[in-house]
$ cat final-v6.cif   # mmCIF, C-alpha atoms
data_coords
loop_
_atom_site.label_atom_id
_atom_site.label_comp_id
_atom_site.auth_asym_id
_atom_site.auth_seq_id
_atom_site.Cartn_x
_atom_site.Cartn_y
_atom_site.Cartn_z
CA MET V 138 136.32 150.88 -161.00
CA ASN V 139 134.52 151.77 -164.16
CA ARG V 140 132.49 149.42 -166.24
CA ILE V 141 135.13 148.98 -168.86
CA LYS V 142 137.74 147.91 -166.36
CA LYS V 143 135.33 145.45 -164.84
CA THR V 144 134.67 144.12 -168.28
CA LYS V 145 138.39 143.68 -168.83
CA LEU V 146 138.74 141.73 -165.61
CA PHE V 147 135.83 139.60 -166.63
CA ILE V 148 137.49 139.00 -169.95
CA ILE V 149 140.75 138.02 -168.33
CA GLY V 150 138.99 135.74 -165.90
CA GLY V 151 137.17 134.12 -168.75
CA LEU V 152 140.38 133.50 -170.60
CA LEU V 153 141.94 131.95 -167.56
CA SER V 154 138.96 129.73 -166.99
CA ILE V 155 139.09 128.55 -170.54
CA GLY V 156 142.71 127.70 -170.08
CA ILE V 157 143.76 128.72 -173.52
CA VAL V 158 147.42 128.32 -174.22
CA LEU V 159 148.20 130.02 -177.49
CA MET V 160 151.82 129.29 -178.13
CA ALA V 161 154.16 129.60 -181.02
CA ALA V 162 153.39 128.16 -184.43
CA ASP V 163 153.86 124.73 -182.98
CA HIS V 164 156.96 125.40 -180.94
CA LEU V 165 155.56 124.36 -177.62
CA ASP V 166 153.44 121.43 -178.47
CA ALA V 167 151.23 119.00 -176.66
CA PRO V 168 152.63 117.57 -173.43
CA ALA V 169 153.32 114.18 -174.97
CA VAL V 170 155.68 115.55 -177.59
CA GLY V 171 156.69 119.07 -176.52
CA GLY V 172 160.40 119.44 -175.88
CA THR V 173 161.26 116.02 -177.30
CA THR V 174 163.32 115.25 -180.38
CA ALA V 175 160.02 114.51 -182.15
CA ASP V 176 158.67 118.03 -181.58
CA ILE V 177 157.87 119.70 -184.90
CA THR V 178 158.11 123.47 -184.54
CA ASP V 179 157.19 124.72 -187.99
CA PHE V 180 156.37 123.72 -191.53
CA TYR V 181 156.77 125.93 -194.60
CA ALA V 182 156.00 125.39 -198.29
CA PHE V 183 156.79 127.98 -200.92
CA GLU V 184 157.90 128.54 -204.48
CA GLY V 185 161.63 128.10 -204.97
CA ALA V 186 164.08 130.47 -206.60
CA ASN V 187 163.42 128.24 -209.59
CA SER V 188 159.69 128.77 -210.03
CA ASP V 189 159.31 125.21 -211.32
CA ASN V 190 160.18 123.97 -207.83
CA THR V 191 158.47 123.94 -204.45
CA VAL V 192 160.51 124.27 -201.25
CA LEU V 193 159.40 122.27 -198.22
CA VAL V 194 160.83 123.12 -194.80
CA ALA V 195 160.30 121.05 -191.65
CA ASN V 196 161.77 122.41 -188.43
CA VAL V 197 162.14 120.46 -185.19
CA GLN V 198 163.46 121.05 -181.67
CA GLY V 199 162.75 124.76 -181.26
CA LEU V 200 164.08 127.46 -178.97
CA LEU V 201 167.68 126.24 -179.15
CA ALA V 202 170.06 128.70 -177.54
CA PRO V 203 173.05 129.90 -179.56
CA GLY V 204 175.81 127.38 -179.20
CA SER V 205 173.42 124.50 -178.64
CA THR V 206 174.74 121.25 -180.03
CA ALA V 207 171.31 119.65 -180.35
CA GLU V 208 171.20 116.89 -182.94
CA PHE V 209 168.60 115.11 -185.01
CA ASP V 210 167.45 111.86 -183.40
CA GLU V 211 168.25 108.69 -185.37
CA ASN V 212 165.03 107.17 -184.04
CA ILE V 213 162.86 109.96 -185.42
CA LEU V 214 161.61 109.81 -189.00
CA VAL V 215 160.44 113.15 -190.38
CA GLU V 216 157.86 112.53 -193.07
CA ILE V 217 156.42 115.14 -195.42
CA ASN V 218 153.04 114.05 -196.78
CA ILE V 219 151.44 115.17 -200.03
CA ASP V 220 147.79 114.69 -200.92
CA ASN V 221 147.13 115.13 -204.63
CA ASP V 222 143.35 114.60 -204.75
CA GLY V 223 142.03 116.41 -201.67
CA ASP V 224 140.94 113.36 -199.70
CA LEU V 225 143.40 114.24 -196.90
CA VAL V 226 145.24 110.95 -197.34
CA GLU V 227 148.86 111.01 -198.43
CA ASP V 228 149.54 110.02 -202.03
CA LEU V 229 153.25 110.78 -201.89
CA ILE V 230 155.73 110.99 -199.04
CA ILE V 231 159.23 112.37 -198.60
CA GLN V 232 161.06 110.81 -195.66
CA ALA V 233 164.17 112.07 -193.87
CA ILE V 234 166.14 110.29 -191.17
CA PRO V 235 169.71 110.80 -189.92
CA ARG V 236 172.50 108.23 -189.68
CA ASN V 237 176.01 109.07 -188.51
CA GLY V 238 175.91 112.77 -189.28
CA THR V 239 174.21 112.40 -192.64
CA MET V 240 170.53 112.95 -193.41
CA TYR V 241 169.06 110.36 -195.77
CA PHE V 242 166.05 111.14 -197.94
CA PHE V 243 163.54 108.80 -199.58
CA GLY V 244 161.01 110.05 -202.11
CA PRO V 245 158.78 111.55 -203.16
CA TYR V 246 157.24 108.10 -203.52
CA ARG V 247 153.88 106.48 -203.07
CA PRO V 248 153.77 104.68 -199.70
CA SER V 249 152.56 101.10 -199.55
CA VAL V 250 150.44 101.97 -196.53
CA THR V 251 149.15 105.30 -195.24
CA GLY V 252 148.40 106.55 -191.76
CA LEU V 253 150.01 106.66 -188.35
CA ASN V 254 152.66 104.01 -188.94
CA SER V 255 155.34 104.15 -191.61
CA THR V 256 158.17 102.09 -192.96
CA ILE V 257 161.01 103.24 -195.18
CA ASN V 258 161.24 101.97 -198.74
CA GLU V 259 164.96 101.89 -199.45
CA GLU V 260 164.18 101.08 -203.08
CA ALA V 261 162.25 104.32 -203.58
CA GLN V 262 162.79 105.92 -206.98
CA TYR V 263 164.29 109.13 -205.62
CA LEU V 264 167.02 108.86 -203.01
CA GLY V 265 169.27 111.56 -201.59
CA GLN V 266 171.60 112.33 -198.77
CA VAL V 267 173.40 115.33 -197.34
CA GLU V 268 175.92 115.88 -194.59
CA ILE V 269 174.20 117.53 -191.63
CA SER V 270 175.33 121.15 -191.22
CA THR V 271 176.37 122.14 -187.72
CA GLY V 272 177.75 125.60 -188.41
CA ALA V 273 177.22 128.73 -190.44
CA ASN V 274 178.14 127.02 -193.69
CA ALA V 275 175.11 125.38 -195.26
CA ILE V 276 176.10 122.07 -196.82
CA SER V 277 173.67 121.05 -199.53
CA SER V 278 173.46 118.37 -202.16
CA SER V 279 171.22 117.50 -205.08
CA ALA V 280 170.07 114.51 -207.05
CA ASN V 281 167.38 114.10 -209.70
CA GLY V 282 166.73 117.85 -209.57
CA ILE V 283 165.96 117.69 -205.84
CA SER V 284 168.06 119.79 -203.45
CA TYR V 285 168.70 118.69 -199.88
CA PHE V 286 169.71 120.41 -196.64
CA ALA V 287 169.64 119.38 -192.99
CA GLY V 288 171.12 121.14 -190.02
CA LEU V 289 171.19 123.96 -187.55
CA ARG V 290 169.63 127.25 -188.73
CA GLU V 291 168.25 130.45 -187.31
CA ASP V 292 164.59 130.04 -186.42
CA PRO V 293 162.68 132.15 -188.96
CA PHE V 294 159.57 132.18 -186.77
CA PHE V 295 158.63 135.47 -185.10
CA PHE V 296 156.05 136.01 -182.37
CA ASP V 297 155.61 137.90 -179.11
CA SER V 298 154.69 134.74 -177.24
CA SER V 299 155.55 136.12 -173.81
CA GLN V 300 153.12 139.00 -174.25
CA PHE V 301 150.46 136.55 -175.24
CA ASN V 302 151.18 134.56 -172.12
CA ALA V 303 150.89 137.80 -170.17
CA ILE V 304 147.50 138.42 -171.75
CA ILE V 305 146.11 135.05 -170.81
CA GLY V 306 147.74 135.37 -167.42
CA GLY V 307 145.76 138.52 -166.70
CA MET V 308 148.82 140.74 -166.74
CA ALA V 309 148.14 142.62 -169.97
CA PRO V 310 144.60 144.02 -170.13
CA ASN V 311 145.48 146.01 -173.24
CA GLY V 312 146.48 142.95 -175.19
CA PHE V 313 149.58 142.97 -177.34
CA ASN V 314 152.08 145.79 -177.45
CA ASN V 315 152.94 147.99 -180.40
CA PRO V 316 155.65 147.21 -181.15
CA GLY V 317 155.88 143.74 -179.66
CA ASN V 318 158.97 141.70 -178.91
CA ASP V 319 160.07 138.74 -181.03
CA ASP V 320 160.74 136.02 -178.48
CA PHE V 321 162.29 133.80 -181.13
CA ASP V 322 164.89 136.34 -182.13
CA GLY V 323 168.30 134.86 -181.40
CA THR V 324 167.16 131.24 -181.24
CA ASN V 325 167.97 128.32 -183.51
CA ILE V 326 166.17 125.22 -184.75
CA LEU V 327 167.10 122.03 -186.57
CA SER V 328 165.85 122.32 -190.11
CA ILE V 329 165.23 119.94 -192.98
CA VAL V 330 164.84 121.61 -196.38
CA VAL V 331 164.05 119.98 -199.69
CA GLU V 332 163.45 121.78 -202.97
CA VAL V 333 161.53 119.53 -205.32
CA PRO V 334 160.54 119.97 -208.98
CA ASN V 335 156.77 120.36 -209.11
CA ALA V 336 156.74 117.65 -211.75
CA LEU V 337 157.68 115.15 -209.03
CA LEU V 338 155.00 116.30 -206.58
CA GLY V 339 151.95 114.87 -208.35
CA GLY V 340 148.60 116.34 -209.28
CA THR V 341 146.47 119.16 -207.93
CA PHE V 342 142.81 119.85 -207.17
CA SER V 343 140.70 122.96 -206.74
CA HIS V 344 141.30 124.78 -203.44
CA PRO V 345 138.82 123.62 -200.77
CA ALA V 346 138.11 127.24 -199.80
CA GLY V 347 136.62 127.76 -203.24
CA THR V 348 139.20 130.19 -204.56
CA GLY V 349 139.62 128.22 -207.76
CA ILE V 350 143.38 127.93 -207.30
CA GLN V 351 144.89 124.53 -208.04
CA VAL V 352 146.64 123.12 -204.98
CA PHE V 353 147.90 120.01 -203.26
CA ASN V 354 147.69 119.41 -199.51
CA THR V 355 150.83 118.89 -197.49
CA TRP V 356 151.71 118.28 -193.84
CA VAL V 357 154.60 116.94 -191.84
CA GLU V 358 154.79 114.17 -189.27
CA ALA V 359 157.43 113.05 -186.77
CA LYS V 360 157.44 109.31 -186.24
CA ARG V 361 159.46 107.33 -183.71
CA LYS V 362 161.00 103.93 -184.38
CA GLN V 363 159.16 101.26 -182.42
CA MET I 28 198.31 88.38 -210.92
CA LYS I 29 198.69 86.68 -207.63
CA ILE I 30 199.78 89.87 -205.92
CA ASN I 31 196.83 91.77 -207.33
CA SER I 32 194.41 89.15 -206.08
CA ILE I 33 195.86 89.35 -202.62
CA LYS I 34 195.52 93.12 -202.72
CA CYS I 35 191.88 92.84 -203.68
CA ILE I 36 191.11 90.39 -200.96
CA THR I 37 192.93 92.49 -198.42
CA ALA I 38 191.03 95.57 -199.52
CA THR I 39 187.74 93.80 -199.09
CA LEU I 40 188.58 92.37 -195.72
CA LEU I 41 189.78 95.65 -194.30
CA LEU I 42 186.96 97.69 -195.87
CA VAL I 43 189.56 99.97 -197.35
CA ILE I 44 188.10 103.07 -198.90
CA GLY I 45 190.04 104.59 -201.70
CA LEU I 46 192.35 103.56 -204.45
CA THR I 47 193.31 100.00 -205.04
CA SER I 48 195.46 98.53 -207.69
CA CYS I 49 193.34 95.56 -208.68
CA ASN I 50 193.50 96.54 -212.31
CA ASN I 51 197.05 97.81 -212.28
CA ASP I 52 195.81 101.19 -213.44
CA ASP I 53 195.16 102.97 -210.14
CA GLU I 54 191.74 104.07 -211.36
CA GLY I 55 189.51 101.65 -209.50
CA ILE I 56 187.85 103.49 -206.64
CA ILE I 57 186.06 101.23 -204.24
CA ILE I 58 183.87 102.99 -201.71
CA VAL I 59 182.65 100.64 -199.05
CA GLU I 60 179.91 102.09 -196.87
CA PRO I 61 178.84 100.52 -193.63
CA THR I 62 175.43 98.97 -193.83
CA LEU I 63 172.77 101.42 -192.74
CA ASP I 64 169.69 100.19 -190.97
CA PHE I 65 166.44 101.84 -192.03
CA SER I 66 164.24 98.93 -191.00
CA GLY I 67 161.36 98.93 -188.60
CA THR I 68 158.06 100.65 -188.06
CA PHE I 69 157.86 104.32 -187.19
CA ALA I 70 154.82 105.50 -185.21
CA GLN I 71 153.47 109.04 -185.31
CA GLU I 72 154.07 111.38 -182.38
CA ASP I 73 153.62 114.85 -183.87
CA GLN I 74 151.84 116.32 -186.86
CA MET I 75 151.55 119.80 -188.35
CA GLY I 76 150.10 121.44 -191.41
CA ARG I 77 149.21 125.02 -190.58
CA PRO I 78 150.91 126.99 -187.84
CA GLY I 79 149.33 127.11 -184.41
CA ILE I 80 146.20 125.08 -185.04
CA ASN I 81 146.65 122.52 -182.31
CA THR I 82 148.00 124.88 -179.70
CA VAL I 83 145.31 127.49 -180.34
CA PHE I 84 142.25 125.32 -180.65
CA SER I 85 142.90 122.36 -178.37
CA ALA I 86 141.54 123.33 -174.99
CA THR I 87 143.16 120.60 -172.94
CA PRO I 88 146.42 118.63 -172.99
CA ASP I 89 144.46 115.49 -173.81
CA ILE I 90 142.93 117.09 -176.89
CA GLU I 91 146.36 118.34 -177.95
CA ASN I 92 147.87 114.90 -177.60
CA ASN I 93 145.03 113.23 -179.46
CA PHE I 94 145.15 115.76 -182.28
CA ASN I 95 148.81 114.98 -182.94
CA VAL I 96 148.07 111.29 -183.44
CA THR I 97 144.95 111.70 -185.56
CA ILE I 98 145.39 111.50 -189.32
CA PRO I 99 144.11 114.53 -191.27
CA SER I 100 141.25 112.63 -192.91
CA GLU I 101 139.81 111.97 -189.44
CA GLN I 102 140.58 115.32 -187.81
CA GLY I 103 137.48 117.15 -189.05
CA ALA I 104 135.03 114.66 -187.60
CA ALA I 105 136.95 114.38 -184.36
CA PHE I 106 137.82 118.00 -183.66
CA GLN I 107 135.67 120.49 -185.61
CA SER I 108 132.99 120.80 -182.94
CA LEU I 109 135.61 121.05 -180.18
CA PHE I 110 137.37 123.82 -182.11
CA GLU I 111 134.09 125.67 -182.67
CA THR I 112 133.32 125.49 -178.95
CA GLN I 113 136.79 126.79 -178.22
CA LEU I 114 136.54 129.74 -180.58
CA ALA I 115 133.07 130.62 -179.29
CA GLY I 116 134.38 130.41 -175.73
CA LEU I 117 137.21 132.78 -176.52
CA HIS I 118 134.71 135.34 -177.71
CA SER I 119 132.42 134.77 -174.73
CA ALA I 120 135.36 135.55 -172.50
CA PHE I 121 135.53 138.95 -174.19
CA GLY I 122 131.82 139.48 -173.76
CA ALA I 123 131.40 139.04 -177.48
CA THR I 124 130.28 136.51 -180.01
CA TYR I 125 132.22 135.44 -183.08
CA GLU I 126 131.66 137.69 -186.07
CA ASN I 127 132.11 136.44 -189.63
CA ASN I 128 135.69 137.20 -190.57
CA ILE I 129 137.27 139.03 -193.49
CA LEU I 130 136.77 135.94 -195.65
CA ASN I 131 133.10 136.00 -194.59
CA LEU I 132 133.51 132.58 -193.02
CA ASP I 133 131.08 131.79 -190.22
CA ILE I 134 132.38 130.05 -187.15
CA THR I 135 131.41 126.55 -188.30
CA THR I 136 132.93 126.97 -191.73
CA LEU I 137 136.12 128.50 -190.36
CA THR I 138 136.65 125.74 -187.81
CA THR I 139 135.79 123.12 -190.41
CA VAL I 140 138.52 124.48 -192.68
CA LEU I 141 141.05 124.72 -189.87
CA ALA I 142 140.31 121.39 -188.17
CA SER I 143 141.88 119.48 -191.04
CA ASP I 144 145.45 120.50 -190.30
CA VAL I 145 147.01 120.49 -193.73
CA LEU I 146 148.64 123.27 -195.72
CA GLN I 147 147.40 123.94 -199.22
CA VAL I 148 150.18 124.70 -201.70
CA ALA I 149 149.78 126.14 -205.18
CA PRO I 150 152.56 124.97 -207.50
CA ASP I 151 151.50 127.39 -210.25
CA ALA I 152 150.34 130.45 -208.30
CA PRO I 153 151.87 132.80 -205.70
CA THR I 154 152.59 130.90 -202.50
CA THR I 155 151.55 132.73 -199.35
CA TYR I 156 149.59 132.20 -196.16
CA PHE I 157 147.73 135.42 -196.93
CA ASP I 158 149.01 138.46 -198.78
CA GLY I 159 145.82 140.44 -199.13
CA THR I 160 144.98 138.74 -202.40
CA ASN I 161 146.03 135.12 -202.31
CA VAL I 162 145.00 133.05 -199.32
CA LEU I 163 146.27 129.71 -198.03
CA THR I 164 148.39 128.84 -201.04
CA GLY I 165 151.50 128.04 -199.04
CA ARG I 166 153.62 129.57 -196.31
CA THR I 167 156.78 131.55 -196.90
CA LEU I 168 159.51 132.15 -194.33
CA THR I 169 158.35 135.74 -193.83
CA ASP I 170 154.57 135.32 -193.84
CA ASP I 171 153.14 136.83 -190.64
CA VAL I 172 151.10 133.76 -189.81
CA ILE I 173 150.38 134.91 -186.25
CA ASP I 174 148.77 138.16 -187.36
CA VAL I 175 146.87 136.39 -190.15
CA SER I 176 145.58 133.83 -187.66
CA LEU I 177 144.61 136.48 -185.11
CA ILE I 178 142.79 138.49 -187.79
CA LEU I 179 140.90 135.44 -189.01
CA LEU I 180 139.91 134.46 -185.47
CA PHE I 181 139.27 137.82 -183.80
CA GLY I 182 139.22 140.43 -186.55
CA GLY I 183 135.57 140.14 -187.54
CA GLN I 184 134.40 141.45 -190.88
CA THR I 185 136.82 144.37 -190.90
CA GLY I 186 139.80 142.38 -189.64
CA ASP I 187 140.24 145.15 -187.07
CA ARG I 188 137.65 144.28 -184.45
CA PHE I 189 139.91 144.15 -181.38
CA ASN I 190 142.77 146.52 -182.10
CA GLY I 191 143.09 148.77 -179.07
CA GLN I 192 140.33 151.17 -180.08
CA ASP I 193 139.64 154.17 -177.84
CA ILE I 194 135.86 154.06 -177.99
CA ASN I 195 135.10 156.89 -175.55
CA ASN I 196 137.94 159.10 -176.75
CA ASP I 197 139.48 159.49 -173.32
CA GLY I 198 142.94 158.79 -174.61
CA THR I 199 142.99 155.28 -173.19
CA PRO I 200 142.34 152.16 -175.27
CA ASP I 201 139.06 150.49 -174.39
CA LEU I 202 139.55 147.32 -176.37
CA PRO I 203 142.58 145.05 -176.21
CA ILE I 204 144.88 144.53 -179.18
CA LEU I 205 144.16 141.00 -180.34
CA VAL I 206 144.57 141.17 -184.11
CA THR I 207 148.33 141.70 -184.17
CA ASP I 208 151.19 140.80 -181.86
CA GLY I 209 153.15 143.84 -182.99
CA VAL I 210 155.99 141.75 -184.41
CA SER I 211 156.67 141.78 -188.12
CA ALA I 212 159.04 139.85 -190.34
CA ALA I 213 161.35 142.87 -190.48
CA GLY I 214 163.98 141.08 -188.42
CA GLU I 215 164.05 138.07 -190.71
CA THR I 216 166.32 138.08 -193.73
CA PRO I 217 166.03 134.70 -195.44
CA LEU I 218 168.39 133.90 -198.28
CA ASP I 219 167.40 134.17 -201.92
CA ALA I 220 168.74 130.73 -202.68
CA PHE I 221 168.70 127.24 -201.22
CA PRO I 222 168.49 126.45 -198.35
CA TYR I 223 166.85 129.86 -197.76
CA LEU I 224 167.05 129.74 -193.94
CA GLU I 225 169.63 131.99 -192.30
CA ALA I 226 172.80 130.73 -190.64
CA PRO I 227 172.35 129.85 -186.98
CA HIS I 228 173.08 132.28 -184.17
CA GLY I 229 176.17 131.90 -182.05
CA ILE I 230 178.30 129.87 -184.41
#

$ encode --input "final-v6.cif" --output "structure tokens"
Amino acid sequence: MNRIKKTKLFIIGGLLSIGIVLMAADHLDAPAVGGTTADITDFYAFEGANSDNTVLVANVQGLLAPGSTAEFDENILVEINIDNDGDLVEDLIIQAIPRNGTMYFFGPYRPSVTGLNSTINEEAQYLGQVEISTGANAISSSANGISYFAGLREDPFFFDSSQFNAIIGGMAPNGFNNPGNDDFDGTNILSIVVEVPNALLGGTFSHPAGTGIQVFNTWVEAKRKQ
Amino acid sequence: MKINSIKCITATLLLVIGLTSCNNDDEGIIIVEPTLDFSGTFAQEDQMGRPGINTVFSATPDIENNFNVTIPSEQGAAFQSLFETQLAGLHSAFGATYENNILNLDITTLTTVLASDVLQVAPDAPTTYFDGTNVLTGRTLTDDVIDVSLILLFGGQTGDRFNGQDINNDGTPDLPILVTDGVSAAGETPLDAFPYLEAPHGI
């Protein structure tokens, strides 16, 4: 066994001892939430077809096989948070929660309290709702310039997660393959999509990485009714 | 008049949805929705800003669980040092030490940036996770966030540090490929218009 091979074995052993589990974007989450209806798989934010809008996408319940009839959980509130001043505390929220096959949306609005626990303000200025799509046809709606969608979609995430698992399992000393295999090809997720005029999303601050670009912070949370 | 009143009362009692003749003009549409309950307190179970942060950097299930129920403003103080230890450990396992990455971020700065798990979004500039020019201004459906993350973590100053190089020219790679998973967005064809995501498989 040459030195390089020994080094590789050492590397693999080190990885195993560290116990790293690099998974999908967030598809296979922490034990407490992974595989539950509160499991967020991905979050996207990008400029809309109308450049005055930003599109926010929150996906939950990943790795659904074709034909799966998985549904949104009426006890799970999906909350998109927006921080307009860079203090990492939400200044605006957009909430989505299903009832009887319809997804209801509240916001963007300024929450009365921030943090781990939320309530829903039914008197929020911007309210919307859309029938949850269960098939190929994407049912959408709009109000106040905001567009809404909720339902089953193809998972846009792509990653050779099994090869990564092989690497950390000591089965792939050469690392990833070229080309790799997209383990998320052919799987579905439950997706919530809102396209919001930037004018409703509040202010911006200078990018914390020092690039000089004006940005807001955003993140998504899944919260269960107590 | 009396008949109309009875009709109205009946409509109300039976929660009839549709046309009634209260005004004798067949134009009064009364839509009666059942009362929806949005009350109560909702407690956080999962949180995500950037892709993969928790699953990559949290070394144990306990850390992963705690990260998901820590608000972003407290994540840096609680997790930056753990993340730095994790990233250093990954490199130690390869017999290497972290090398400043293509953004010239040292290990403390990089883990400080990443520990606060929020996504920056530019409303008035190109939105991308990283496109070679713009960095961390959003995340599109086709951004290769895995490769970007691998490059930032393992790519060193060239972005190409562990990419299957054949150092001794014997025709066999001497370094593993760790800066790309070999999967691109080529298989993804998002729509040009709302809701952008493709129709589900198997429907």

$ resolve_selection --input "final-v6.cif" --expression "the PyMOL selection byres ((chain I) within 7 of (chain V))" --output "VMD selection string"
chain I and resid 65 to 76 78 to 79 82 to 83 86 88 91 to 92 98 to 100 117 120 to 122 145 to 150 154 165 to 168 173 191 201 to 205 208 to 210 212 215 219 to 220 222 224 to 230

$ resolve_selection --input "final-v6.cif" --expression "the PyMOL selection byres ((chain I and resi 134) around 8)" --output "PyMOL selection string"
chain I and resi 111+114-115+125-127+132-133+135-138

$ closest_residue --input "final-v6.cif" --among "I:Asp151, I:Asn95, I:Ser176, I:Ser85" --to "Thr164 in chain I" --atoms "only C-alpha atoms"
I:Asp151

$ atom_distance --input "final-v6.cif" --atom1 "CA of Asp222 in chain V" --atom2 "CA of Gln262 in chain V"
21.4 Å

$ atom_distance --input "final-v6.cif" --atom1 "CA of Leu180 in chain I" --atom2 "CA of Leu109 in chain I"
15.0 Å

$ atom_distance --input "final-v6.cif" --atom1 "CA of Gly103 in chain I" --atom2 "CA of Asn221 in chain V"
18.4 Å

$ decode --input "final-v6.cif" --residues "range 187-210 of chain I" --atoms "C-alpha atoms" --output "JSON list (two decimals), in the first residue's frame"
[["chain", "number", "residue", "atom", "x", "y", "z"],
["I", 187, "ASP", "CA", -10.04, 23.99, -7.20],
["I", 188, "ARG", "CA", -8.04, 22.64, -4.28],
["I", 189, "PHE", "CA", -9.53, 19.14, -4.10],
["I", 190, "ASN", "CA", -10.65, 18.29, -7.60],
["I", 191, "GLY", "CA", -9.24, 14.87, -8.39],
["I", 192, "GLN", "CA", -5.79, 16.09, -9.37],
["I", 193, "ASP", "CA", -3.24, 13.53, -10.58],
["I", 194, "ILE", "CA", -0.23, 14.92, -8.76],
["I", 195, "ASN", "CA", 2.31, 12.24, -9.72],
["I", 196, "ASN", "CA", 1.05, 11.88, -13.28],
["I", 197, "ASP", "CA", 0.48, 8.15, -13.01],
["I", 198, "GLY", "CA", -2.92, 8.38, -14.58],
["I", 199, "THR", "CA", -4.72, 7.93, -11.29],
["I", 200, "PRO", "CA", -6.22, 10.81, -9.29],
["I", 201, "ASP", "CA", -4.33, 11.46, -6.07],
["I", 202, "LEU", "CA", -6.78, 13.90, -4.54],
["I", 203, "PRO", "CA", -10.49, 13.33, -4.11],
["I", 204, "ILE", "CA", -13.08, 15.43, -5.92],
["I", 205, "LEU", "CA", -14.62, 17.59, -3.21],
["I", 206, "VAL", "CA", -15.38, 20.86, -4.97],
["I", 207, "THR", "CA", -18.18, 19.58, -7.20],
["I", 208, "ASP", "CA", -20.70, 16.76, -6.96],
["I", 209, "GLY", "CA", -20.78, 16.42, -10.74],
["I", 210, "VAL", "CA", -24.46, 17.31, -10.96]]
